[in-house]
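Shown below: structure-v1.pdb, with PDB, C-alpha atoms (C1' of nucleotides).
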MODEL        1
ATOM      1  CA  MET A   1      14.579 -44.001   3.707
ATOM      2  CA  ASN A   2      13.994 -40.864   1.646
ATOM      3  CA  THR A   3      15.853 -40.041  -1.526
ATOM      4  CA  SER A   4      18.455 -37.679  -0.118
ATOM      5  CA  LYS A   5      19.292 -40.084   2.725
ATOM      6  CA  ALA A   6      19.684 -42.878   0.184
ATOM      7  CA  PHE A   7      21.885 -40.641  -1.879
ATOM      8  CA  GLU A   8      24.099 -39.791   1.078
ATOM      9  CA  LYS A   9      24.450 -43.449   1.923
ATOM     10  CA  ALA A  10      25.242 -44.268  -1.680
ATOM     11  CA  LYS A  11      27.865 -41.552  -1.730
ATOM     12  CA  SER A  12      29.546 -42.613   1.493
ATOM     13  CA  CYS A  13      29.375 -46.155   0.207
ATOM     14  CA  SER A  14      31.067 -45.459  -3.080
ATOM     15  CA  SER A  15      34.258 -44.139  -1.540
ATOM     16  CA  GLN A  16      35.718 -46.227   1.308
ATOM     17  CA  PHE A  17      33.295 -49.120   1.182
ATOM     18  CA  ILE A  18      33.717 -49.906  -2.472
ATOM     19  CA  LEU A  19      37.473 -49.658  -1.982
ATOM     20  CA  ALA A  20      37.286 -52.076   0.939
ATOM     21  CA  ILE A  21      35.269 -54.565  -1.095
ATOM     22  CA  ASN A  22      37.722 -54.324  -3.951
ATOM     23  CA  ASP A  23      40.639 -54.860  -1.579
ATOM     24  CA  THR A  24      38.963 -58.036  -0.402
ATOM     25  CA  LEU A  25      38.114 -59.238  -3.896
ATOM     26  CA  ASN A  26      41.646 -58.548  -5.112
ATOM     27  CA  VAL A  27      43.208 -60.964  -2.642
ATOM     28  CA  LEU A  28      40.773 -63.720  -3.686
ATOM     29  CA  ILE A  29      40.576 -63.224  -7.421
ATOM     30  CA  GLY A  30      42.593 -65.247  -9.865
ATOM     31  CA  LYS A  31      42.648 -68.926 -10.568
ATOM     32  CA  TRP A  32      45.194 -69.844  -7.889
ATOM     33  CA  LYS A  33      44.878 -67.460  -4.915
ATOM     34  CA  LEU A  34      42.067 -69.356  -3.246
ATOM     35  CA  PRO A  35      43.802 -72.755  -3.519
ATOM     36  CA  ILE A  36      46.992 -71.250  -2.087
ATOM     37  CA  ILE A  37      45.180 -69.588   0.812
ATOM     38  CA  GLY A  38      43.187 -72.759   1.359
ATOM     39  CA  VAL A  39      46.343 -74.818   1.788
ATOM     40  CA  LEU A  40      48.029 -72.182   3.978
ATOM     41  CA  LEU A  41      45.004 -72.122   6.298
ATOM     42  CA  TYR A  42      46.275 -75.511   7.479
ATOM     43  CA  GLY A  43      49.699 -74.109   8.404
ATOM     44  CA  LYS A  44      52.890 -72.770   6.879
ATOM     45  CA  LYS A  45      54.290 -74.452   3.821
ATOM     46  CA  ARG A  46      57.404 -74.462   1.666
ATOM     47  CA  PHE A  47      57.386 -73.658  -2.045
ATOM     48  CA  LYS A  48      57.545 -77.249  -3.202
ATOM     49  CA  GLU A  49      54.967 -78.331  -0.638
ATOM     50  CA  LEU A  50      52.541 -75.799  -2.056
ATOM     51  CA  GLU A  51      53.375 -76.888  -5.578
ATOM     52  CA  ARG A  52      52.608 -80.494  -4.717
ATOM     53  CA  ALA A  53      49.473 -79.623  -2.757
ATOM     54  CA  ILE A  54      47.928 -77.659  -5.633
ATOM     55  CA  PRO A  55      47.450 -79.887  -8.675
ATOM     56  CA  GLY A  56      48.029 -78.184 -11.990
ATOM     57  CA  ILE A  57      49.804 -75.050 -10.797
ATOM     58  CA  THR A  58      53.069 -74.155 -12.522
ATOM     59  CA  PRO A  59      56.035 -72.770 -10.566
ATOM     60  CA  ARG A  60      55.652 -69.561 -12.545
ATOM     61  CA  MET A  61      52.112 -68.984 -11.343
ATOM     62  CA  LEU A  62      52.863 -70.117  -7.806
ATOM     63  CA  SER A  63      55.779 -67.718  -7.599
ATOM     64  CA  LYS A  64      53.764 -64.879  -9.116
ATOM     65  CA  GLU A  65      50.758 -65.334  -6.852
ATOM     66  CA  LEU A  66      52.867 -65.730  -3.720
ATOM     67  CA  LYS A  67      54.619 -62.472  -4.535
ATOM     68  CA  GLU A  68      51.297 -60.689  -4.944
ATOM     69  CA  LEU A  69      49.919 -62.161  -1.733
ATOM     70  CA  GLU A  70      53.073 -61.099   0.099
ATOM     71  CA  LEU A  71      52.852 -57.597  -1.355
ATOM     72  CA  ASN A  72      49.243 -57.387  -0.195
ATOM     73  CA  GLY A  73      50.133 -58.447   3.325
ATOM     74  CA  ILE A  74      48.287 -61.763   3.196
ATOM     75  CA  VAL A  75      51.303 -64.048   3.275
ATOM     76  CA  THR A  76      54.703 -63.733   4.939
ATOM     77  CA  ARG A  77      57.817 -65.200   3.398
ATOM     78  CA  THR A  78      60.629 -66.364   5.655
ATOM     79  CA  VAL A  79      64.008 -67.503   4.402
ATOM     80  CA  TYR A  80      66.024 -69.808   6.670
ATOM     81  CA  ASP A  81      69.770 -69.853   6.267
ATOM     82  CA  THR A  82      70.028 -73.603   5.809
ATOM     83  CA  ILE A  83      71.815 -75.412   2.997
ATOM     84  CA  PRO A  84      70.043 -75.445   0.698
ATOM     85  CA  VAL A  85      67.857 -72.508   1.714
ATOM     86  CA  THR A  86      64.460 -73.195   3.186
ATOM     87  CA  VAL A  87      61.670 -70.772   2.339
ATOM     88  CA  GLU A  88      58.447 -70.840   4.293
ATOM     89  CA  TYR A  89      55.163 -69.171   3.431
ATOM     90  CA  GLU A  90      52.632 -68.435   6.125
ATOM     91  CA  LEU A  91      49.381 -66.499   6.385
ATOM     92  CA  SER A  92      49.557 -63.133   8.135
ATOM     93  CA  ASN A  93      46.883 -62.196  10.659
ATOM     94  CA  SER A  94      44.931 -60.567   7.855
ATOM     95  CA  GLY A  95      45.357 -63.729   5.846
ATOM     96  CA  LYS A  96      44.086 -65.906   8.659
ATOM     97  CA  SER A  97      41.112 -63.638   9.205
ATOM     98  CA  LEU A  98      40.033 -64.299   5.621
ATOM     99  CA  ARG A  99      38.509 -67.459   7.003
ATOM    100  CA  GLU A 100      35.534 -65.447   8.238
ATOM    101  CA  VAL A 101      35.012 -63.978   4.787
ATOM    102  CA  LEU A 102      35.290 -67.405   3.210
ATOM    103  CA  ASP A 103      32.836 -68.851   5.736
ATOM    104  CA  MET A 104      30.342 -66.147   4.805
ATOM    105  CA  MET A 105      30.876 -66.979   1.154
ATOM    106  CA  ILE A 106      30.322 -70.674   1.814
ATOM    107  CA  GLN A 107      27.083 -69.854   3.580
ATOM    108  CA  TRP A 108      25.863 -67.664   0.756
ATOM    109  CA  GLY A 109      26.983 -70.141  -1.895
ATOM    110  CA  LEU A 110      25.197 -73.091  -0.307
ATOM    111  CA  ASN A 111      22.064 -71.047   0.250
ATOM    112  CA  HIS A 112      22.114 -69.778  -3.300
ATOM    113  CA  ARG A 113      22.348 -73.335  -4.641
ATOM    114  CA  LYS A 114      19.341 -74.365  -2.578
ATOM    115  CA  GLN A 115      17.311 -71.418  -3.860
ATOM    116  CA  ASN A 116      18.311 -72.065  -7.455
ATOM    117  CA  MET A 117      17.283 -75.696  -7.167
ATOM    118  CA  SER A 118      13.761 -74.770  -6.095
ATOM    119  CA  ARG A 119      13.584 -72.113  -8.814
ATOM    120  CA  LYS A 120      13.422 -74.733 -11.564
TER     121      LYS A 120
ATOM    122  CA  MET B 121      43.852 -81.478  15.395
ATOM    123  CA  ASN B 122      45.790 -84.542  14.244
ATOM    124  CA  THR B 123      46.822 -85.149  10.672
ATOM    125  CA  SER B 124      44.041 -87.535   9.650
ATOM    126  CA  LYS B 125      41.364 -85.253  11.102
ATOM    127  CA  ALA B 126      42.876 -82.310   9.252
ATOM    128  CA  PHE B 127      42.923 -84.378   6.099
ATOM    129  CA  GLU B 128      39.260 -85.326   6.476
ATOM    130  CA  LYS B 129      38.325 -81.722   7.004
ATOM    131  CA  ALA B 130      40.401 -80.674   4.017
ATOM    132  CA  LYS B 131      38.684 -83.316   1.924
ATOM    133  CA  SER B 132      35.159 -82.404   2.949
ATOM    134  CA  CYS B 133      36.128 -78.794   2.389
ATOM    135  CA  SER B 134      37.448 -79.280  -1.101
ATOM    136  CA  SER B 135      34.192 -80.612  -2.504
ATOM    137  CA  GLN B 136      31.089 -78.592  -1.587
ATOM    138  CA  PHE B 137      32.750 -75.751   0.248
ATOM    139  CA  ILE B 138      35.185 -74.799  -2.456
ATOM    140  CA  LEU B 139      32.336 -75.001  -4.947
ATOM    141  CA  ALA B 140      30.229 -72.709  -2.768
ATOM    142  CA  ILE B 141      33.038 -70.171  -2.485
ATOM    143  CA  ASN B 142      33.566 -70.248  -6.221
ATOM    144  CA  ASP B 143      29.838 -69.774  -6.813
ATOM    145  CA  THR B 144      30.011 -66.672  -4.652
ATOM    146  CA  LEU B 145      33.162 -65.340  -6.280
ATOM    147  CA  ASN B 146      31.759 -65.915  -9.758
ATOM    148  CA  VAL B 147      28.835 -63.575  -9.207
ATOM    149  CA  LEU B 148      31.164 -60.823  -7.960
ATOM    150  CA  ILE B 149      34.111 -61.155 -10.317
ATOM    151  CA  GLY B 150      34.554 -59.021 -13.378
ATOM    152  CA  LYS B 151      34.954 -55.320 -13.753
ATOM    153  CA  TRP B 152      31.253 -54.478 -13.859
ATOM    154  CA  LYS B 153      29.304 -56.993 -11.739
ATOM    155  CA  LEU B 154      29.871 -55.199  -8.450
ATOM    156  CA  PRO B 155      28.868 -51.775  -9.811
ATOM    157  CA  ILE B 156      25.706 -53.296 -11.291
ATOM    158  CA  ILE B 157      24.782 -55.099  -8.080
ATOM    159  CA  GLY B 158      25.624 -51.994  -6.114
ATOM    160  CA  VAL B 159      23.152 -49.912  -8.105
ATOM    161  CA  LEU B 160      20.462 -52.586  -8.010
ATOM    162  CA  LEU B 161      20.738 -52.804  -4.220
ATOM    163  CA  TYR B 162      18.917 -49.438  -4.252
ATOM    164  CA  GLY B 163      16.010 -50.849  -6.246
ATOM    165  CA  LYS B 164      15.053 -52.063  -9.701
ATOM    166  CA  LYS B 165      16.376 -50.240 -12.714
ATOM    167  CA  ARG B 166      15.893 -50.101 -16.472
ATOM    168  CA  PHE B 167      18.686 -50.766 -18.956
ATOM    169  CA  LYS B 168      19.376 -47.123 -19.699
ATOM    170  CA  GLU B 169      19.156 -46.179 -16.033
ATOM    171  CA  LEU B 170      21.903 -48.679 -15.248
ATOM    172  CA  GLU B 171      23.945 -47.438 -18.191
ATOM    173  CA  ARG B 172      23.704 -43.875 -16.898
ATOM    174  CA  ALA B 173      24.350 -44.863 -13.286
ATOM    175  CA  ILE B 174      27.562 -46.714 -14.111
ATOM    176  CA  PRO B 175      30.098 -44.351 -15.684
ATOM    177  CA  GLY B 176      32.233 -45.928 -18.374
ATOM    178  CA  ILE B 177      30.242 -49.076 -19.031
ATOM    179  CA  THR B 178      29.393 -49.864 -22.656
ATOM    180  CA  PRO B 179      26.012 -51.309 -23.625
ATOM    181  CA  ARG B 180      27.825 -54.435 -24.767
ATOM    182  CA  MET B 181      29.276 -55.100 -21.331
ATOM    183  CA  LEU B 182      26.099 -54.110 -19.526
ATOM    184  CA  SER B 183      24.068 -56.473 -21.673
ATOM    185  CA  LYS B 184      26.609 -59.271 -21.257
ATOM    186  CA  GLU B 185      26.904 -58.941 -17.488
ATOM    187  CA  LEU B 186      23.157 -58.656 -16.976
ATOM    188  CA  LYS B 187      22.678 -61.865 -18.959
ATOM    189  CA  GLU B 188      25.225 -63.663 -16.798
ATOM    190  CA  LEU B 189      23.712 -62.337 -13.601
ATOM    191  CA  GLU B 190      20.264 -63.431 -14.792
ATOM    192  CA  LEU B 191      21.573 -66.889 -15.716
ATOM    193  CA  ASN B 192      23.095 -67.195 -12.252
ATOM    194  CA  GLY B 193      19.850 -66.257 -10.566
ATOM    195  CA  ILE B 194      21.091 -62.972  -9.134
ATOM    196  CA  VAL B 195      18.990 -60.658 -11.247
ATOM    197  CA  THR B 196      15.502 -60.983 -12.697
ATOM    198  CA  ARG B 197      14.551 -59.417 -16.004
ATOM    199  CA  THR B 198      10.987 -58.306 -16.556
ATOM    200  CA  VAL B 199       9.642 -57.071 -19.872
ATOM    201  CA  TYR B 200       6.567 -54.850 -19.801
ATOM    202  CA  ASP B 201       4.370 -54.713 -22.874
ATOM    203  CA  THR B 202       4.489 -50.947 -23.255
ATOM    204  CA  ILE B 203       5.399 -49.000 -26.362
ATOM    205  CA  PRO B 204       8.312 -48.935 -26.567
ATOM    206  CA  VAL B 205       9.035 -51.941 -24.357
ATOM    207  CA  THR B 206      10.129 -51.334 -20.803
ATOM    208  CA  VAL B 207      12.664 -53.762 -19.363
ATOM    209  CA  GLU B 208      13.343 -53.821 -15.651
ATOM    210  CA  TYR B 209      16.194 -55.486 -13.833
ATOM    211  CA  GLU B 210      15.873 -56.367 -10.175
ATOM    212  CA  LEU B 211      17.897 -58.350  -7.657
ATOM    213  CA  SER B 212      16.521 -61.777  -6.748
ATOM    214  CA  ASN B 213      16.422 -62.842  -3.117
ATOM    215  CA  SER B 214      19.846 -64.390  -3.576
ATOM    216  CA  GLY B 215      21.012 -61.153  -5.103
ATOM    217  CA  LYS B 216      19.686 -59.096  -2.212
ATOM    218  CA  SER B 217      21.301 -61.433   0.306
ATOM    219  CA  LEU B 218      24.682 -60.644  -1.234
ATOM    220  CA  ARG B 219      24.585 -57.563   0.949
ATOM    221  CA  GLU B 220      25.670 -59.685   3.919
ATOM    222  CA  VAL B 221      28.621 -61.021   1.976
ATOM    223  CA  LEU B 222      29.563 -57.531   0.854
ATOM    224  CA  ASP B 223      29.275 -56.237   4.429
ATOM    225  CA  MET B 224      31.656 -58.943   5.569
ATOM    226  CA  MET B 225      34.036 -57.953   2.800
ATOM    227  CA  ILE B 226      33.836 -54.300   3.800
ATOM    228  CA  GLN B 227      34.685 -55.244   7.374
ATOM    229  CA  TRP B 228      37.644 -57.354   6.318
ATOM    230  CA  GLY B 229      38.855 -54.753   3.839
ATOM    231  CA  LEU B 230      38.785 -51.899   6.349
ATOM    232  CA  ASN B 231      40.475 -54.027   8.988
ATOM    233  CA  HIS B 232      43.121 -55.150   6.545
ATOM    234  CA  ARG B 233      43.917 -51.538   5.648
ATOM    235  CA  LYS B 234      44.334 -50.664   9.290
ATOM    236  CA  GLN B 235      46.698 -53.592   9.868
ATOM    237  CA  ASN B 236      48.709 -52.794   6.758
ATOM    238  CA  MET B 237      49.109 -49.177   7.852
ATOM    239  CA  SER B 238      50.663 -50.199  11.170
ATOM    240  CA  ARG B 239      52.856 -52.728   9.402
ATOM    241  CA  LYS B 240      54.968 -50.040   7.764
TER     242      LYS B 240
ATOM    243  C1'  DG C 241      79.878 -87.960 -12.610
ATOM    244  C1'  DT C 242      75.259 -88.027 -13.160
ATOM    245  C1'  DA C 243      70.900 -87.714 -11.382
ATOM    246  C1'  DA C 244      67.788 -85.480  -8.258
ATOM    247  C1'  DC C 245      65.983 -81.764  -5.099
ATOM    248  C1'  DC C 246      65.071 -76.903  -3.888
ATOM    249  C1'  DA C 247      63.326 -72.319  -5.085
ATOM    250  C1'  DC C 248      62.718 -70.115  -8.539
ATOM    251  C1'  DT C 249      63.159 -67.299 -13.445
ATOM    252  C1'  DA C 250      62.760 -66.686 -18.705
ATOM    253  C1'  DT C 251      60.539 -66.870 -23.054
ATOM    254  C1'  DA C 252      56.929 -67.668 -26.021
ATOM    255  C1'  DC C 253      52.413 -68.607 -26.615
ATOM    256  C1'  DT C 254      47.051 -69.107 -26.007
ATOM    257  C1'  DT C 255      42.847 -67.864 -23.860
ATOM    258  C1'  DT C 256      39.926 -64.819 -21.571
ATOM    259  C1'  DT C 257      38.314 -60.400 -20.609
ATOM    260  C1'  DG C 258      37.262 -55.872 -21.742
ATOM    261  C1'  DT C 259      37.060 -51.681 -25.219
ATOM    262  C1'  DA C 260      35.733 -48.950 -29.284
ATOM    263  C1'  DT C 261      32.625 -47.989 -32.590
ATOM    264  C1'  DA C 262      28.826 -48.616 -35.344
ATOM    265  C1'  DT C 263      24.286 -50.288 -36.062
ATOM    266  C1'  DC C 264      19.403 -52.334 -35.501
ATOM    267  C1'  DG C 265      14.078 -51.824 -35.406
ATOM    268  C1'  DA C 266      10.462 -49.649 -33.346
ATOM    269  C1'  DT C 267       8.529 -45.330 -31.760
ATOM    270  C1'  DA C 268       8.060 -40.444 -30.281
ATOM    271  C1'  DT C 269       9.104 -35.487 -30.722
ATOM    272  C1'  DA C 270      10.329 -31.071 -33.163
TER     273       DA C 270
ATOM    274  C1'  DT D 271      11.611 -35.157 -42.630
ATOM    275  C1'  DA D 272      15.265 -35.154 -39.190
ATOM    276  C1'  DT D 273      16.569 -36.362 -34.757
ATOM    277  C1'  DA D 274      16.259 -38.757 -30.359
ATOM    278  C1'  DT D 275      15.038 -42.618 -27.147
ATOM    279  C1'  DC D 276      14.856 -47.536 -25.744
ATOM    280  C1'  DG D 277      17.068 -52.009 -25.426
ATOM    281  C1'  DA D 278      20.021 -53.953 -27.157
ATOM    282  C1'  DT D 279      23.542 -56.634 -31.059
ATOM    283  C1'  DA D 280      27.798 -56.986 -34.356
ATOM    284  C1'  DT D 281      32.479 -56.636 -35.519
ATOM    285  C1'  DA D 282      37.098 -55.728 -34.730
ATOM    286  C1'  DC D 283      40.593 -54.885 -31.722
ATOM    287  C1'  DA D 284      43.659 -54.370 -27.280
ATOM    288  C1'  DA D 285      44.956 -55.751 -22.783
ATOM    289  C1'  DA D 286      45.200 -58.971 -19.050
ATOM    290  C1'  DA D 287      45.530 -63.500 -17.282
ATOM    291  C1'  DG D 288      47.105 -68.015 -17.602
ATOM    292  C1'  DT D 289      49.886 -72.123 -19.854
ATOM    293  C1'  DA D 290      53.792 -74.753 -21.677
ATOM    294  C1'  DT D 291      58.337 -75.685 -21.584
ATOM    295  C1'  DA D 292      62.880 -75.057 -20.553
ATOM    296  C1'  DG D 293      66.597 -73.534 -17.707
ATOM    297  C1'  DT D 294      69.300 -71.367 -13.510
ATOM    298  C1'  DG D 295      72.605 -72.028  -9.435
ATOM    299  C1'  DG D 296      73.492 -74.395  -5.591
ATOM    300  C1'  DT D 297      73.515 -78.875  -2.965
ATOM    301  C1'  DT D 298      73.157 -83.773  -1.762
ATOM    302  C1'  DA D 299      72.824 -88.892  -2.704
ATOM    303  C1'  DC D 300      74.217 -92.843  -5.363
TER     304       DC D 300
ENDMDL
END

What would you get if you wrote out this structure as structure tokens?
Amino acid sequence: MNTSKAFEKAKSCSSQFILAINDTLNVLIGKWKLPIIGVLLYGKKRFKELERAIPGITPRMLSKELKELELNGIVTRTVYDTIPVTVEYELSNSGKSLREVLDMMIQWGLNHRKQNMSRK
Amino acid sequence: MNTSKAFEKAKSCSSQFILAINDTLNVLIGKWKLPIIGVLLYGKKRFKELERAIPGITPRMLSKELKELELNGIVTRTVYDTIPVTVEYELSNSGKSLREVLDMMIQWGLNHRKQNMSRK
DNA sequence: GTAACCACTATACTTTTGTATATCGATATA
DNA sequence: TATATCGATATACAAAAGTATAGTGGTTAC
């Protein structure tokens, strides 16, 4: 690849592609997003179920992160008109498709560990 | 999948897999790691070249992030005995292989945007 | 009537992350 | 002699992220 081609690619990269990467990172970053998504990958859950499933999380953080995930279209929130109310959180299609990204990250992570071992 | 099978999978997941994902996230997280890796994907660079290529970064942050990336085996640092010294930063094999992860993230990010558009 | 459960919210605080600005020692250039 | 370059480091500060602890309003069980 010559310099101007590389430059063009770098330019096209920096606009949509970097944005796309940041979108992806933003739904995974933070201490609690991954644990929440991890639990929801096994099916929909209620607030207290999530709280119990994720050791150490406070209701404040759970509430905050769920709101963000909902805003970003990763999680859907459904309120059932029972007494008392039942609220269920579930992964959207986008949310479910994160599994592929996570699988890729697992692959890279395991491979990286192996390479770092042999480096020493 | 029955409950005990799901539980076993969740358990096996929570140990190595979650660690692997976190390893991957840790090399990407932070305001400046992605820009640095992005530039280095086009070839090795010197300290000042990186500083110039990444608008807004301070030498403090560049130095700090490069140290972390080196410690994590993503970047190699080579000092040449010239006058004045030349220092070159280059992606390791692990670092280069991040491209696959980033490509996956680009795919997910673009797809997610499309789905969110149609959601409205 | 009091204790517990659900789905949260409020307030105050600590820790982590990032910024701003100046400086270092060695060397080269005008 | 003054100024600039390289590859950083030092100090102080601001902003963001996360924690601790308590409380809300409604409902059910004992």

Can you list what the PyMOL selection byres ((chain B) within 7 of (chain A)) grabs from this structure, as a list in words?
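For this structure, the PyMOL selection byres ((chain B) within 7 of (chain A)) resolves to Phe137, Ala140, Ile141, Asp143, Thr144, Gly193, Ser214, Val221, Leu222, Met224, Met225, Ile226, Trp228, Gly229, Leu230, His232 and Asn236 of chain B.
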
DT275 of chain D environment, 10 Å, all atoms listed in the file, sequence neighbours closer than 5 positions dropped, as a PyMOL selection string
(chain B and resi 168+204) or (chain C and resi 267-269)

So how far away is atom CA of Trp32 of chain A from atom CA of Met61 of chain A, in Å?
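Those two atoms sit 7.8 Å apart.
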
Mind doing a quick least-squares superposition of chain B onto chain A, all C-alpha atoms paired one-to-one in order, and writing it out as a compact mmCIF listing (two decimals) with C-alpha atoms, keeping the file's coordinate frame?
# COMPACT_ATOMS: atom_id res chain seq x y z
CA MET B 121 14.49 -43.87 3.30
CA ASN B 122 14.01 -40.71 1.23
CA THR B 123 15.99 -39.93 -1.88
CA SER B 124 18.56 -37.56 -0.37
CA LYS B 125 19.29 -39.97 2.49
CA ALA B 126 19.72 -42.79 0.00
CA PHE B 127 22.01 -40.58 -2.03
CA GLU B 128 24.14 -39.74 1.01
CA LYS B 129 24.43 -43.38 1.89
CA ALA B 130 25.31 -44.25 -1.69
CA LYS B 131 27.97 -41.56 -1.67
CA SER B 132 29.55 -42.59 1.60
CA CYS B 133 29.39 -46.15 0.34
CA SER B 134 31.12 -45.48 -2.94
CA SER B 135 34.31 -44.16 -1.37
CA GLN B 136 35.72 -46.29 1.46
CA PHE B 137 33.29 -49.17 1.31
CA ILE B 138 33.71 -49.95 -2.35
CA LEU B 139 37.46 -49.70 -1.86
CA ALA B 140 37.27 -52.14 1.05
CA ILE B 141 35.24 -54.62 -0.98
CA ASN B 142 37.69 -54.37 -3.84
CA ASP B 143 40.61 -54.90 -1.47
CA THR B 144 38.94 -58.09 -0.31
CA LEU B 145 38.09 -59.28 -3.81
CA ASN B 146 41.61 -58.58 -5.04
CA VAL B 147 43.18 -61.01 -2.59
CA LEU B 148 40.75 -63.76 -3.64
CA ILE B 149 40.55 -63.26 -7.39
CA GLY B 150 42.58 -65.24 -9.84
CA LYS B 151 42.66 -68.91 -10.56
CA TRP B 152 45.21 -69.83 -7.90
CA LYS B 153 44.88 -67.46 -4.93
CA LEU B 154 42.07 -69.38 -3.25
CA PRO B 155 43.82 -72.77 -3.56
CA ILE B 156 47.00 -71.25 -2.11
CA ILE B 157 45.18 -69.62 0.79
CA GLY B 158 43.20 -72.78 1.32
CA VAL B 159 46.37 -74.83 1.75
CA LEU B 160 48.03 -72.23 3.95
CA LEU B 161 45.01 -72.17 6.27
CA TYR B 162 46.30 -75.57 7.45
CA GLY B 163 49.70 -74.14 8.37
CA LYS B 164 52.90 -72.80 6.85
CA LYS B 165 54.31 -74.46 3.78
CA ARG B 166 57.44 -74.44 1.65
CA PHE B 167 57.43 -73.60 -2.05
CA LYS B 168 57.59 -77.19 -3.23
CA GLU B 169 55.02 -78.30 -0.68
CA LEU B 170 52.56 -75.78 -2.10
CA GLU B 171 53.43 -76.84 -5.63
CA ARG B 172 52.69 -80.46 -4.76
CA ALA B 173 49.54 -79.62 -2.81
CA ILE B 174 47.99 -77.66 -5.67
CA PRO B 175 47.53 -79.89 -8.72
CA GLY B 176 48.09 -78.15 -12.02
CA ILE B 177 49.85 -75.02 -10.82
CA THR B 178 53.11 -74.10 -12.55
CA PRO B 179 56.05 -72.69 -10.60
CA ARG B 180 55.65 -69.47 -12.57
CA MET B 181 52.10 -68.93 -11.34
CA LEU B 182 52.88 -70.07 -7.82
CA SER B 183 55.79 -67.66 -7.61
CA LYS B 184 53.74 -64.83 -9.11
CA GLU B 185 50.74 -65.32 -6.85
CA LEU B 186 52.84 -65.71 -3.72
CA LYS B 187 54.59 -62.43 -4.53
CA GLU B 188 51.25 -60.67 -4.92
CA LEU B 189 49.89 -62.17 -1.73
CA GLU B 190 53.04 -61.10 0.11
CA LEU B 191 52.81 -57.58 -1.32
CA ASN B 192 49.20 -57.39 -0.15
CA GLY B 193 50.11 -58.47 3.35
CA ILE B 194 48.27 -61.79 3.22
CA VAL B 195 51.29 -64.06 3.28
CA THR B 196 54.68 -63.75 4.95
CA ARG B 197 57.81 -65.19 3.39
CA THR B 198 60.61 -66.35 5.64
CA VAL B 199 64.01 -67.47 4.39
CA TYR B 200 66.03 -69.76 6.64
CA ASP B 201 69.79 -69.81 6.24
CA THR B 202 70.06 -73.56 5.72
CA ILE B 203 71.82 -75.34 2.90
CA PRO B 204 70.04 -75.33 0.58
CA VAL B 205 67.85 -72.41 1.64
CA THR B 206 64.48 -73.15 3.15
CA VAL B 207 61.68 -70.73 2.32
CA GLU B 208 58.45 -70.82 4.27
CA TYR B 209 55.17 -69.17 3.42
CA GLU B 210 52.63 -68.46 6.13
CA LEU B 211 49.37 -66.54 6.37
CA SER B 212 49.54 -63.19 8.16
CA ASN B 213 46.87 -62.29 10.69
CA SER B 214 44.92 -60.65 7.90
CA GLY B 215 45.34 -63.79 5.86
CA LYS B 216 44.10 -66.00 8.67
CA SER B 217 41.10 -63.74 9.24
CA LEU B 218 40.02 -64.38 5.66
CA ARG B 219 38.51 -67.56 7.03
CA GLU B 220 35.53 -65.54 8.29
CA VAL B 221 35.00 -64.06 4.86
CA LEU B 222 35.28 -67.47 3.25
CA ASP B 223 32.82 -68.93 5.77
CA MET B 224 30.34 -66.22 4.87
CA MET B 225 30.85 -67.03 1.21
CA ILE B 226 30.30 -70.73 1.85
CA GLN B 227 27.04 -69.93 3.63
CA TRP B 228 25.83 -67.70 0.81
CA GLY B 229 26.93 -70.16 -1.85
CA LEU B 230 25.15 -73.13 -0.27
CA ASN B 231 22.02 -71.08 0.31
CA HIS B 232 22.07 -69.79 -3.23
CA ARG B 233 22.27 -73.34 -4.59
CA LYS B 234 19.29 -74.36 -2.53
CA GLN B 235 17.24 -71.41 -3.78
CA ASN B 236 18.24 -72.03 -7.38
CA MET B 237 17.22 -75.68 -7.12
CA SER B 238 13.69 -74.77 -6.04
CA ARG B 239 13.51 -72.11 -8.73
CA LYS B 240 13.39 -74.68 -11.52

Please provide as an MDAnalysis selection string all residues within 12 Å of segment 280-295 of chain D, with the sequence filter that same-chain residues fewer than 2 positions apart are discarded (counting all atoms listed in the file).
(chainID A and resid 29:32 56:62 64:65 84) or (chainID B and resid 180) or (chainID C and resid 246:264) or (chainID D and resid 278 297)

Quick one, how far is atom CA of Arg197 of chain B from atom CA of Glu169 of chain B?
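Computing it gives 14.0 Å between the two atoms.
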
How far is it from atom CA of Leu211 of chain B to atom CA of Lys164 of chain B, in Å with one decimal?
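Here the two named atoms are 7.2 Å from each other.
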
Selection near DG277 of chain D, 9 Å with all atoms listed in the file, sequence-local residues under 5 positions removed, as a list in words:
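So, after excluding close chain neighbours, the residues are Phe167, Lys168, Val205, Thr206 and Val207 of chain B.
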